[in-house]
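Only one structure is covered here, and it is reproduced in the block below.
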Amino acid sequence: MAETTGVTVRAVVDALDARYPRNWAESWDRVGLVLGEFEHPVTRVLCVVDCVPETVDQALDLGADLIVAHHPLLLKPVSSIAPDTFKGALVHRLIRAGVALYTAHTNADVANPGVSDALAARLGLTGLRPLAPAEGAAAGEGRGLGRVGELSEPLTLARLAEFAAGRLPVTAAGVRAAGDPERLIRVLAVCGGAGDSFLADAARSGADAYLCADLRHHPVSEHLASGGPALVDVAHWATERPWLDEVAAWLREVFAVEVLVSDVDTDPWTVHANRNDLEISP
């Protein structure tokens with residue numbers, strides 16, 4: 001296909017960079033092309049949340065020429081990519097197989113549409129606005145981190161947790177909520193990925209509840225004690241997996257290549273247990 005379409009790594013990278021400009025990313029982030037030959041032909045792309053051994057296995061099994069990942073493989077500085085290191089082993093495998101790797105992280109988070117738009121769409125939210133409007137190079141045009149929108153019908157917090165569990169990708173961690181189970185939720189704030197740095201934004205947004213990942217004990221306790229909206233905690237991977245469908249659909253529209261989406265669950269939590277013989281009381 002690449003011989004007839006002329007699609008190359010450079011062409012896909014340029015398109016992704018235009019959709020998710022690198023200067024929209026946070027200063028600490030590392031986005032863009034991680035490895036790969038610019039002029040290498042691309043016939044098949046695999047979209048993943050994490051570049052880990054399991055998704056690299058999948059890319060090689062599928063014969064992908066390019067991986068588009070959300071989370072950076074090389075976010076923190078390394079002094080070696082020797083093949084006996086975790087990251088080095090992946091880098092060597094990809095280079096040997098001729099598979100390029102591209103990352104769109106916080107620049108895709110802040111985009112419109114971006115990661116949180118895809119999450120909001122899974123939950124049927126309407127009237128979307130940014131939870132934390134973008135500043136700097138990304139400012140304007142509805143861009144920002146997280147989204148706030150209205151549910152199609154009001155739900156109690158307990159029912160919202162069940163609703164989210166049914167709409168989002170299934171993980172062992174599941175969905176948990178903090179607050180009065182009978183609280184009625186009409187306006188919901190969401191954020192793909194770790195979200196406790198936006199608890200204050202959620203409180204100011206007028207939302208009745210805030211859904212995100214990686215919430216911690218003390219910030220949640222203090223937030224609720226201060227009268228903040230109810231909270232819904234979802235596995236990190238589950239909040240960002242919906243974006244893969246959106247970016248894959250866009251890539252198919254732009255390029256005459258096959259674009260696949262990985263459903264490999266890369267959430268590290270693999271077992272969940274609960275005692276059913278005890279009543280839980282606040």
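As shown in the structure tokens, the chain order sets the letters A, B, ...; within each chain, residues go from 1, and ligands are also counted from 1 in the order they appear.
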
Could you give me, as a compact mmCIF listing (two decimals) with all heavy atoms, in the first residue's frame, each residue of stretch 102-248 of chain A that DSSP assigns to helix (DSSP H, G or I) when run on this structure's backbone?
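Just written: selection.txt:
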# COMPACT_ATOMS: atom_id res chain seq x y z
N THR A 106 0.47 15.26 26.69
CA THR A 106 -0.29 16.41 27.19
C THR A 106 -0.72 17.33 26.07
O THR A 106 -1.67 18.11 26.24
CB THR A 106 0.52 17.20 28.24
OG1 THR A 106 1.81 17.56 27.70
CG2 THR A 106 0.74 16.37 29.50
N ASN A 107 -0.07 17.27 24.92
CA ASN A 107 -0.55 18.05 23.77
C ASN A 107 -1.84 17.46 23.21
O ASN A 107 -2.67 18.18 22.65
CB ASN A 107 0.52 18.16 22.68
CG ASN A 107 1.15 16.84 22.30
OD1 ASN A 107 1.17 15.88 23.08
ND2 ASN A 107 1.69 16.77 21.10
N ALA A 108 -2.05 16.16 23.39
CA ALA A 108 -3.34 15.55 23.02
C ALA A 108 -4.36 15.73 24.14
O ALA A 108 -5.57 15.79 23.87
CB ALA A 108 -3.15 14.06 22.72
N ASP A 109 -3.91 15.83 25.38
CA ASP A 109 -4.82 16.09 26.49
C ASP A 109 -5.50 17.44 26.33
O ASP A 109 -6.70 17.59 26.58
CB ASP A 109 -4.07 16.08 27.82
CG ASP A 109 -3.63 14.70 28.26
OD1 ASP A 109 -4.29 13.72 27.88
OD2 ASP A 109 -2.63 14.60 28.99
N VAL A 115 -8.12 14.04 24.47
CA VAL A 115 -8.33 12.84 25.28
C VAL A 115 -9.60 12.93 26.12
O VAL A 115 -10.39 11.98 26.18
CB VAL A 115 -7.09 12.60 26.18
CG1 VAL A 115 -7.35 11.46 27.16
CG2 VAL A 115 -5.87 12.29 25.32
N SER A 116 -9.82 14.07 26.76
CA SER A 116 -11.00 14.19 27.63
C SER A 116 -12.30 14.31 26.84
O SER A 116 -13.37 13.94 27.34
CB SER A 116 -10.84 15.38 28.58
OG SER A 116 -9.83 15.11 29.54
N ASP A 117 -12.23 14.80 25.60
CA ASP A 117 -13.43 14.83 24.76
C ASP A 117 -13.89 13.41 24.46
O ASP A 117 -15.09 13.11 24.47
CB ASP A 117 -13.14 15.56 23.45
CG ASP A 117 -12.87 17.03 23.66
OD1 ASP A 117 -13.83 17.78 23.90
OD2 ASP A 117 -11.70 17.42 23.60
N ALA A 118 -12.93 12.52 24.17
CA ALA A 118 -13.28 11.13 23.88
C ALA A 118 -13.87 10.46 25.11
O ALA A 118 -14.82 9.67 25.01
CB ALA A 118 -12.04 10.38 23.40
N LEU A 119 -13.33 10.77 26.29
CA LEU A 119 -13.88 10.24 27.53
C LEU A 119 -15.30 10.76 27.76
O LEU A 119 -16.21 10.00 28.10
CB LEU A 119 -12.96 10.64 28.69
CG LEU A 119 -13.43 10.32 30.11
CD1 LEU A 119 -13.68 8.83 30.30
CD2 LEU A 119 -12.40 10.84 31.12
N ALA A 120 -15.49 12.07 27.56
CA ALA A 120 -16.82 12.67 27.73
C ALA A 120 -17.83 12.06 26.76
O ALA A 120 -18.99 11.84 27.12
CB ALA A 120 -16.73 14.18 27.53
N ALA A 121 -17.39 11.78 25.53
CA ALA A 121 -18.28 11.19 24.54
C ALA A 121 -18.74 9.80 24.97
O ALA A 121 -19.91 9.43 24.76
CB ALA A 121 -17.59 11.12 23.18
N ARG A 122 -17.85 9.02 25.57
CA ARG A 122 -18.23 7.69 26.05
C ARG A 122 -19.35 7.78 27.09
O ARG A 122 -20.17 6.87 27.23
CB ARG A 122 -17.03 6.97 26.66
CG ARG A 122 -16.06 6.37 25.68
CD ARG A 122 -16.62 5.13 25.03
NE ARG A 122 -15.64 4.48 24.18
CZ ARG A 122 -14.96 3.39 24.51
NH1 ARG A 122 -15.16 2.83 25.70
NH2 ARG A 122 -14.09 2.86 23.69
N GLY A 136 -1.05 29.84 27.33
CA GLY A 136 0.12 29.83 26.48
C GLY A 136 -0.20 29.49 25.04
O GLY A 136 -1.22 29.91 24.49
N ALA A 137 0.66 28.69 24.41
CA ALA A 137 0.53 28.39 22.99
C ALA A 137 -0.77 27.69 22.64
O ALA A 137 -1.28 27.84 21.52
CB ALA A 137 1.72 27.53 22.54
N ALA A 138 -1.33 26.94 23.57
CA ALA A 138 -2.55 26.17 23.29
C ALA A 138 -3.83 26.94 23.59
O ALA A 138 -4.92 26.42 23.36
CB ALA A 138 -2.53 24.87 24.09
N LEU A 157 -25.13 9.36 42.55
CA LEU A 157 -23.70 9.03 42.48
C LEU A 157 -23.50 7.53 42.35
O LEU A 157 -22.66 7.07 41.56
CB LEU A 157 -22.98 9.56 43.72
CG LEU A 157 -21.49 9.24 43.81
CD1 LEU A 157 -20.73 9.85 42.64
CD2 LEU A 157 -20.94 9.73 45.14
N ALA A 158 -24.28 6.74 43.09
CA ALA A 158 -24.16 5.29 43.00
C ALA A 158 -24.49 4.80 41.60
O ALA A 158 -23.79 3.95 41.04
CB ALA A 158 -25.08 4.62 44.03
N ARG A 159 -25.54 5.37 41.01
CA ARG A 159 -25.92 4.96 39.65
C ARG A 159 -24.90 5.46 38.63
O ARG A 159 -24.64 4.77 37.64
CB ARG A 159 -27.32 5.53 39.35
CG ARG A 159 -27.84 5.14 37.97
CD ARG A 159 -28.17 3.68 37.89
NE ARG A 159 -28.54 3.31 36.52
CZ ARG A 159 -27.69 2.88 35.60
NH1 ARG A 159 -26.39 2.75 35.91
NH2 ARG A 159 -28.10 2.58 34.40
N LEU A 160 -24.32 6.63 38.86
CA LEU A 160 -23.30 7.13 37.96
C LEU A 160 -22.09 6.21 37.93
O LEU A 160 -21.52 5.95 36.85
CB LEU A 160 -22.87 8.54 38.38
CG LEU A 160 -21.70 9.15 37.61
CD1 LEU A 160 -22.04 9.32 36.13
CD2 LEU A 160 -21.30 10.49 38.22
N ALA A 161 -21.68 5.71 39.09
CA ALA A 161 -20.55 4.78 39.12
C ALA A 161 -20.86 3.54 38.31
O ALA A 161 -20.00 3.05 37.55
CB ALA A 161 -20.24 4.41 40.57
N GLU A 162 -22.08 3.02 38.43
CA GLU A 162 -22.47 1.86 37.63
C GLU A 162 -22.52 2.19 36.15
O GLU A 162 -22.09 1.39 35.30
CB GLU A 162 -23.85 1.37 38.09
CG GLU A 162 -23.88 0.84 39.51
CD GLU A 162 -25.29 0.51 39.96
OE1 GLU A 162 -26.24 0.82 39.21
OE2 GLU A 162 -25.44 -0.05 41.07
N PHE A 163 -23.03 3.37 35.83
CA PHE A 163 -23.11 3.82 34.44
C PHE A 163 -21.72 3.93 33.83
O PHE A 163 -21.48 3.46 32.70
CB PHE A 163 -23.82 5.18 34.40
CG PHE A 163 -23.87 5.83 33.06
CD1 PHE A 163 -24.69 5.34 32.05
CD2 PHE A 163 -23.09 6.95 32.80
CE1 PHE A 163 -24.74 5.96 30.80
CE2 PHE A 163 -23.14 7.58 31.55
CZ PHE A 163 -23.96 7.08 30.56
N ALA A 164 -20.78 4.53 34.56
CA ALA A 164 -19.41 4.66 34.07
C ALA A 164 -18.77 3.30 33.86
O ALA A 164 -18.07 3.06 32.87
CB ALA A 164 -18.58 5.50 35.04
N ALA A 165 -19.02 2.39 34.79
CA ALA A 165 -18.46 1.04 34.66
C ALA A 165 -18.98 0.34 33.41
O ALA A 165 -18.27 -0.46 32.78
CB ALA A 165 -18.79 0.23 35.90
N GLY A 166 -20.21 0.65 33.02
CA GLY A 166 -20.77 0.03 31.83
C GLY A 166 -20.35 0.68 30.54
O GLY A 166 -20.39 0.05 29.47
N ARG A 167 -19.93 1.94 30.58
CA ARG A 167 -19.56 2.68 29.37
C ARG A 167 -18.06 2.68 29.08
O ARG A 167 -17.67 2.84 27.93
CB ARG A 167 -20.04 4.13 29.48
CG ARG A 167 -21.54 4.32 29.37
CD ARG A 167 -22.05 3.95 27.99
NE ARG A 167 -23.46 4.26 27.81
CZ ARG A 167 -23.91 5.39 27.25
NH1 ARG A 167 -23.06 6.32 26.85
NH2 ARG A 167 -25.20 5.60 27.10
N ASP A 196 -6.09 14.46 40.21
CA ASP A 196 -6.27 15.16 41.49
C ASP A 196 -5.65 16.55 41.51
O ASP A 196 -5.95 17.34 42.40
CB ASP A 196 -5.83 14.31 42.68
CG ASP A 196 -4.37 13.92 42.67
OD1 ASP A 196 -3.63 14.43 41.81
OD2 ASP A 196 -3.97 13.11 43.53
N SER A 197 -4.83 16.88 40.53
CA SER A 197 -4.31 18.25 40.47
C SER A 197 -5.38 19.24 40.01
O SER A 197 -5.17 20.45 40.08
CB SER A 197 -3.10 18.32 39.53
OG SER A 197 -3.44 17.93 38.22
N PHE A 198 -6.54 18.71 39.56
CA PHE A 198 -7.62 19.58 39.10
C PHE A 198 -8.84 19.53 40.02
O PHE A 198 -9.93 19.93 39.62
CB PHE A 198 -8.03 19.20 37.68
CG PHE A 198 -6.90 19.29 36.69
CD1 PHE A 198 -6.37 18.14 36.14
CD2 PHE A 198 -6.36 20.51 36.34
CE1 PHE A 198 -5.32 18.21 35.25
CE2 PHE A 198 -5.31 20.59 35.46
CZ PHE A 198 -4.77 19.44 34.90
N LEU A 199 -8.65 19.08 41.25
CA LEU A 199 -9.76 19.04 42.20
C LEU A 199 -10.32 20.44 42.46
O LEU A 199 -11.55 20.62 42.52
CB LEU A 199 -9.32 18.39 43.51
CG LEU A 199 -9.11 16.87 43.47
CD1 LEU A 199 -8.50 16.39 44.79
CD2 LEU A 199 -10.41 16.14 43.19
N ALA A 200 -9.45 21.42 42.59
CA ALA A 200 -9.92 22.78 42.82
C ALA A 200 -10.69 23.31 41.61
O ALA A 200 -11.70 24.01 41.75
CB ALA A 200 -8.75 23.70 43.15
N ASP A 201 -10.22 22.97 40.41
CA ASP A 201 -10.93 23.39 39.19
C ASP A 201 -12.30 22.75 39.14
O ASP A 201 -13.28 23.39 38.75
CB ASP A 201 -10.12 22.99 37.95
CG ASP A 201 -8.78 23.68 37.88
OD1 ASP A 201 -8.74 24.86 37.49
OD2 ASP A 201 -7.77 23.05 38.25
N ALA A 202 -12.39 21.48 39.54
CA ALA A 202 -13.68 20.79 39.55
C ALA A 202 -14.63 21.46 40.54
O ALA A 202 -15.83 21.61 40.26
CB ALA A 202 -13.49 19.32 39.91
N ALA A 203 -14.09 21.88 41.68
CA ALA A 203 -14.92 22.54 42.68
C ALA A 203 -15.44 23.88 42.17
O ALA A 203 -16.58 24.27 42.46
CB ALA A 203 -14.13 22.73 43.97
N ARG A 204 -14.64 24.57 41.37
CA ARG A 204 -15.04 25.88 40.84
C ARG A 204 -15.95 25.76 39.61
O ARG A 204 -16.58 26.73 39.20
CB ARG A 204 -13.81 26.71 40.47
CG ARG A 204 -13.01 27.21 41.66
CD ARG A 204 -11.97 28.21 41.20
NE ARG A 204 -10.97 27.62 40.32
CZ ARG A 204 -9.80 27.15 40.74
NH1 ARG A 204 -9.48 27.20 42.03
NH2 ARG A 204 -8.94 26.62 39.88
N HIS A 217 -5.98 9.20 48.77
CA HIS A 217 -6.76 9.27 50.01
C HIS A 217 -6.88 10.68 50.58
O HIS A 217 -7.99 11.19 50.75
CB HIS A 217 -6.14 8.33 51.05
CG HIS A 217 -6.81 8.36 52.39
ND1 HIS A 217 -7.82 7.49 52.73
CD2 HIS A 217 -6.63 9.17 53.46
CE1 HIS A 217 -8.23 7.76 53.96
NE2 HIS A 217 -7.52 8.77 54.43
N HIS A 218 -5.79 11.30 50.91
CA HIS A 218 -5.85 12.59 51.61
C HIS A 218 -6.42 13.72 50.75
O HIS A 218 -7.27 14.48 51.24
CB HIS A 218 -4.47 12.95 52.16
CG HIS A 218 -4.02 12.05 53.26
ND1 HIS A 218 -4.66 11.99 54.47
CD2 HIS A 218 -3.01 11.14 53.31
CE1 HIS A 218 -4.05 11.10 55.24
NE2 HIS A 218 -3.05 10.56 54.57
N PRO A 219 -6.00 13.87 49.48
CA PRO A 219 -6.64 14.92 48.67
C PRO A 219 -8.14 14.72 48.53
O PRO A 219 -8.91 15.69 48.56
CB PRO A 219 -5.93 14.80 47.32
CG PRO A 219 -4.60 14.21 47.64
CD PRO A 219 -4.87 13.25 48.76
N VAL A 220 -8.58 13.47 48.40
CA VAL A 220 -10.02 13.20 48.28
C VAL A 220 -10.74 13.55 49.57
O VAL A 220 -11.79 14.21 49.57
CB VAL A 220 -10.27 11.72 47.92
CG1 VAL A 220 -11.74 11.35 48.09
CG2 VAL A 220 -9.82 11.45 46.48
N SER A 221 -10.18 13.14 50.70
CA SER A 221 -10.80 13.42 51.99
C SER A 221 -10.94 14.92 52.23
O SER A 221 -12.01 15.40 52.64
CB SER A 221 -9.96 12.78 53.10
OG SER A 221 -10.50 13.08 54.38
N GLU A 222 -9.88 15.68 51.95
CA GLU A 222 -9.92 17.12 52.17
C GLU A 222 -10.88 17.81 51.19
O GLU A 222 -11.58 18.75 51.55
CB GLU A 222 -8.51 17.69 52.04
CG GLU A 222 -7.58 17.20 53.14
CD GLU A 222 -6.13 17.61 52.90
OE1 GLU A 222 -5.89 18.44 51.99
OE2 GLU A 222 -5.25 17.09 53.62
N HIS A 223 -10.91 17.33 49.96
CA HIS A 223 -11.80 17.88 48.95
C HIS A 223 -13.27 17.73 49.37
O HIS A 223 -14.04 18.68 49.30
CB HIS A 223 -11.55 17.18 47.61
CG HIS A 223 -12.59 17.42 46.57
ND1 HIS A 223 -12.56 18.48 45.71
CD2 HIS A 223 -13.71 16.70 46.25
CE1 HIS A 223 -13.59 18.43 44.90
NE2 HIS A 223 -14.31 17.37 45.21
N LEU A 224 -13.64 16.54 49.80
CA LEU A 224 -15.03 16.31 50.21
C LEU A 224 -15.38 17.08 51.47
O LEU A 224 -16.48 17.62 51.59
CB LEU A 224 -15.26 14.82 50.42
CG LEU A 224 -15.17 13.93 49.17
CD1 LEU A 224 -15.32 12.47 49.54
CD2 LEU A 224 -16.21 14.33 48.14
N ALA A 225 -14.42 17.16 52.41
CA ALA A 225 -14.67 17.89 53.64
C ALA A 225 -14.88 19.38 53.38
O ALA A 225 -15.55 20.07 54.15
CB ALA A 225 -13.52 17.69 54.62
N HIS A 236 -6.63 4.37 35.27
CA HIS A 236 -5.96 5.33 34.38
C HIS A 236 -6.13 4.93 32.91
O HIS A 236 -6.53 5.74 32.07
CB HIS A 236 -4.48 5.40 34.75
CG HIS A 236 -3.76 6.57 34.20
ND1 HIS A 236 -3.11 7.50 34.99
CD2 HIS A 236 -3.53 6.99 32.92
CE1 HIS A 236 -2.56 8.42 34.24
NE2 HIS A 236 -2.79 8.13 32.98
N TRP A 237 -5.82 3.68 32.60
CA TRP A 237 -5.90 3.21 31.21
C TRP A 237 -7.32 3.36 30.66
O TRP A 237 -7.52 3.75 29.50
CB TRP A 237 -5.47 1.74 31.15
CG TRP A 237 -5.64 1.10 29.81
CD1 TRP A 237 -4.79 1.18 28.73
CD2 TRP A 237 -6.74 0.28 29.37
NE1 TRP A 237 -5.29 0.46 27.67
CE2 TRP A 237 -6.48 -0.10 28.04
CE3 TRP A 237 -7.90 -0.18 30.00
CZ2 TRP A 237 -7.36 -0.91 27.33
CZ3 TRP A 237 -8.77 -0.98 29.28
CH2 TRP A 237 -8.49 -1.35 27.95
N ALA A 238 -8.32 3.09 31.50
CA ALA A 238 -9.71 3.13 31.03
C ALA A 238 -10.14 4.53 30.65
O ALA A 238 -11.00 4.70 29.78
CB ALA A 238 -10.64 2.56 32.10
N THR A 239 -9.58 5.56 31.30
CA THR A 239 -9.98 6.93 30.97
C THR A 239 -9.34 7.43 29.68
O THR A 239 -9.84 8.38 29.07
CB THR A 239 -9.61 7.91 32.10
OG1 THR A 239 -8.19 8.00 32.23
CG2 THR A 239 -10.25 7.51 33.41
N GLU A 240 -8.24 6.81 29.27
CA GLU A 240 -7.52 7.29 28.08
C GLU A 240 -7.69 6.39 26.86
O GLU A 240 -7.46 6.83 25.73
CB GLU A 240 -6.04 7.45 28.42
CG GLU A 240 -5.82 8.53 29.47
CD GLU A 240 -4.40 8.65 29.95
OE1 GLU A 240 -3.67 7.63 29.93
OE2 GLU A 240 -4.00 9.75 30.35
N ARG A 241 -8.12 5.16 27.08
CA ARG A 241 -8.36 4.24 25.96
C ARG A 241 -9.36 4.78 24.95
O ARG A 241 -9.17 4.61 23.72
CB ARG A 241 -8.80 2.88 26.52
CG ARG A 241 -9.45 1.92 25.53
CD ARG A 241 -8.55 1.55 24.37
NE ARG A 241 -9.23 0.71 23.42
CZ ARG A 241 -10.07 1.14 22.48
NH1 ARG A 241 -10.33 2.45 22.38
NH2 ARG A 241 -10.63 0.30 21.65
N PRO A 242 -10.45 5.50 25.35
CA PRO A 242 -11.39 6.01 24.34
C PRO A 242 -10.75 6.93 23.30
O PRO A 242 -11.20 6.96 22.15
CB PRO A 242 -12.43 6.76 25.18
CG PRO A 242 -12.43 6.04 26.49
CD PRO A 242 -10.99 5.69 26.72
N TRP A 243 -9.71 7.66 23.67
CA TRP A 243 -9.06 8.57 22.72
C TRP A 243 -8.47 7.81 21.53
O TRP A 243 -8.42 8.33 20.41
CB TRP A 243 -7.96 9.36 23.43
CG TRP A 243 -7.13 10.19 22.50
CD1 TRP A 243 -7.50 11.31 21.83
CD2 TRP A 243 -5.76 9.95 22.12
NE1 TRP A 243 -6.46 11.80 21.07
CE2 TRP A 243 -5.38 10.98 21.24
CE3 TRP A 243 -4.82 8.97 22.48
CZ2 TRP A 243 -4.09 11.06 20.68
CZ3 TRP A 243 -3.55 9.05 21.93
CH2 TRP A 243 -3.20 10.07 21.04
N LEU A 244 -8.04 6.58 21.75
CA LEU A 244 -7.44 5.81 20.67
C LEU A 244 -8.41 5.65 19.50
O LEU A 244 -8.01 5.71 18.34
CB LEU A 244 -6.99 4.44 21.16
CG LEU A 244 -5.98 4.39 22.32
CD1 LEU A 244 -5.58 2.94 22.60
CD2 LEU A 244 -4.75 5.24 22.03
N ASP A 245 -9.69 5.45 19.79
CA ASP A 245 -10.68 5.31 18.73
C ASP A 245 -10.80 6.60 17.93
O ASP A 245 -10.92 6.56 16.70
CB ASP A 245 -12.05 4.94 19.32
CG ASP A 245 -12.07 3.56 19.92
OD1 ASP A 245 -11.42 2.66 19.37
OD2 ASP A 245 -12.75 3.37 20.95
N GLU A 246 -10.76 7.73 18.62
CA GLU A 246 -10.89 9.02 17.94
C GLU A 246 -9.70 9.31 17.04
O GLU A 246 -9.86 9.68 15.88
CB GLU A 246 -11.08 10.13 18.99
CG GLU A 246 -11.55 11.45 18.42
CD GLU A 246 -10.41 12.32 17.91
OE1 GLU A 246 -9.28 12.19 18.43
OE2 GLU A 246 -10.64 13.13 17.00
N VAL A 247 -8.50 9.14 17.57
CA VAL A 247 -7.31 9.45 16.75
C VAL A 247 -7.16 8.43 15.62
O VAL A 247 -6.73 8.78 14.51
CB VAL A 247 -6.04 9.52 17.63
CG1 VAL A 247 -5.61 8.15 18.13
CG2 VAL A 247 -4.90 10.18 16.86
N ALA A 248 -7.56 7.18 15.86
CA ALA A 248 -7.49 6.17 14.80
C ALA A 248 -8.45 6.51 13.66
O ALA A 248 -8.09 6.39 12.48
CB ALA A 248 -7.80 4.79 15.37

Can you list, as number ranges by chain, every protein, DNA or RNA residue that comes within 9 Å of A:Phe38 when you count only C-alpha atoms, leaving out same-chain residues fewer than 3 positions away? A: 8-11, 13, 41, 100

Take the residues from that selection and put them in a file with C-alpha atoms, as a PDB file, in the first residue's frame.
ATOM      1  CA  THR A   8       5.813   7.570   5.137  1.00  0.00           C
ATOM      2  CA  VAL A   9       6.657   7.977   8.794  1.00  0.00           C
ATOM      3  CA  ARG A  10       7.430  11.630   8.068  1.00  0.00           C
ATOM      4  CA  ALA A  11       3.998  12.215   6.523  1.00  0.00           C
ATOM      5  CA  VAL A  13       4.409  12.550  11.998  1.00  0.00           C
ATOM      6  CA  PRO A  41       6.895   3.460   4.414  1.00  0.00           C
ATOM      7  CA  ALA A 100       8.569   3.752  14.489  1.00  0.00           C
TER       8      ALA A 100
END

So, counting only C-alpha atoms, which residue among A:Gly179, A:Pro72, A:Gly228, A:Pro169 is closest to A:Val52?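 Answer, going by the shortest atom-to-atom distance: A:Pro72.
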
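Considering only C-alpha atoms, the residue among A:Gly174, A:Pro77, A:Gly32, A:Gly114 positioned nearest to A:Arg147 is A:Gly114.
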
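Each of A:Ala173, A:Val187, A:Ala230, A:Leu123 was compared to A:Thr270 using only C-alpha atoms, and A:Ala173 turns out to be the nearest.
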
Here is a test: counting only C-alpha atoms, which residue of A:Leu90, A:Val78, A:Val254, A:Val259 is nearest to A:Asp65?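 When distances to A:Asp65 are compared using only C-alpha atoms, the smallest one comes from A:Val259.
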
A:Glu153: which residues within 7 Å, counting only C-alpha atoms, same-chain residues fewer than 2 positions away excluded, as a VMD selection string? chain A and resid 151 155 186

Store the residues picked out above, limited to N, CA, C and O atoms, as an mmCIF file, in the first residue's frame.
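selection.cif written:
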data_model
loop_
_atom_site.group_PDB
_atom_site.id
_atom_site.type_symbol
_atom_site.label_atom_id
_atom_site.label_comp_id
_atom_site.auth_asym_id
_atom_site.auth_seq_id
_atom_site.Cartn_x
_atom_site.Cartn_y
_atom_site.Cartn_z
ATOM 1 N N LEU A 151 -24.960 15.366 31.799
ATOM 2 C CA LEU A 151 -25.435 14.016 31.533
ATOM 3 C C LEU A 151 -26.782 14.084 30.807
ATOM 4 O O LEU A 151 -27.521 15.067 30.935
ATOM 5 N N LEU A 155 -28.393 11.349 37.464
ATOM 6 C CA LEU A 155 -28.140 10.051 38.066
ATOM 7 C C LEU A 155 -27.658 10.255 39.497
ATOM 8 O O LEU A 155 -26.949 11.221 39.782
ATOM 9 N N ARG A 186 -26.022 15.956 37.847
ATOM 10 C CA ARG A 186 -26.485 16.457 36.555
ATOM 11 C C ARG A 186 -25.312 16.919 35.690
ATOM 12 O O ARG A 186 -25.263 16.643 34.499
#

Between A:Leu145, A:Ala256, A:Val45, A:Ala89, smallest distance to A:Cys212 by only C-alpha atoms belongs to A:Leu145

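Nearest to A:Pro53 of all the residues A:Ile185, A:Leu94, A:Ile81, A:Val34 is A:Leu94, based on only C-alpha atoms.
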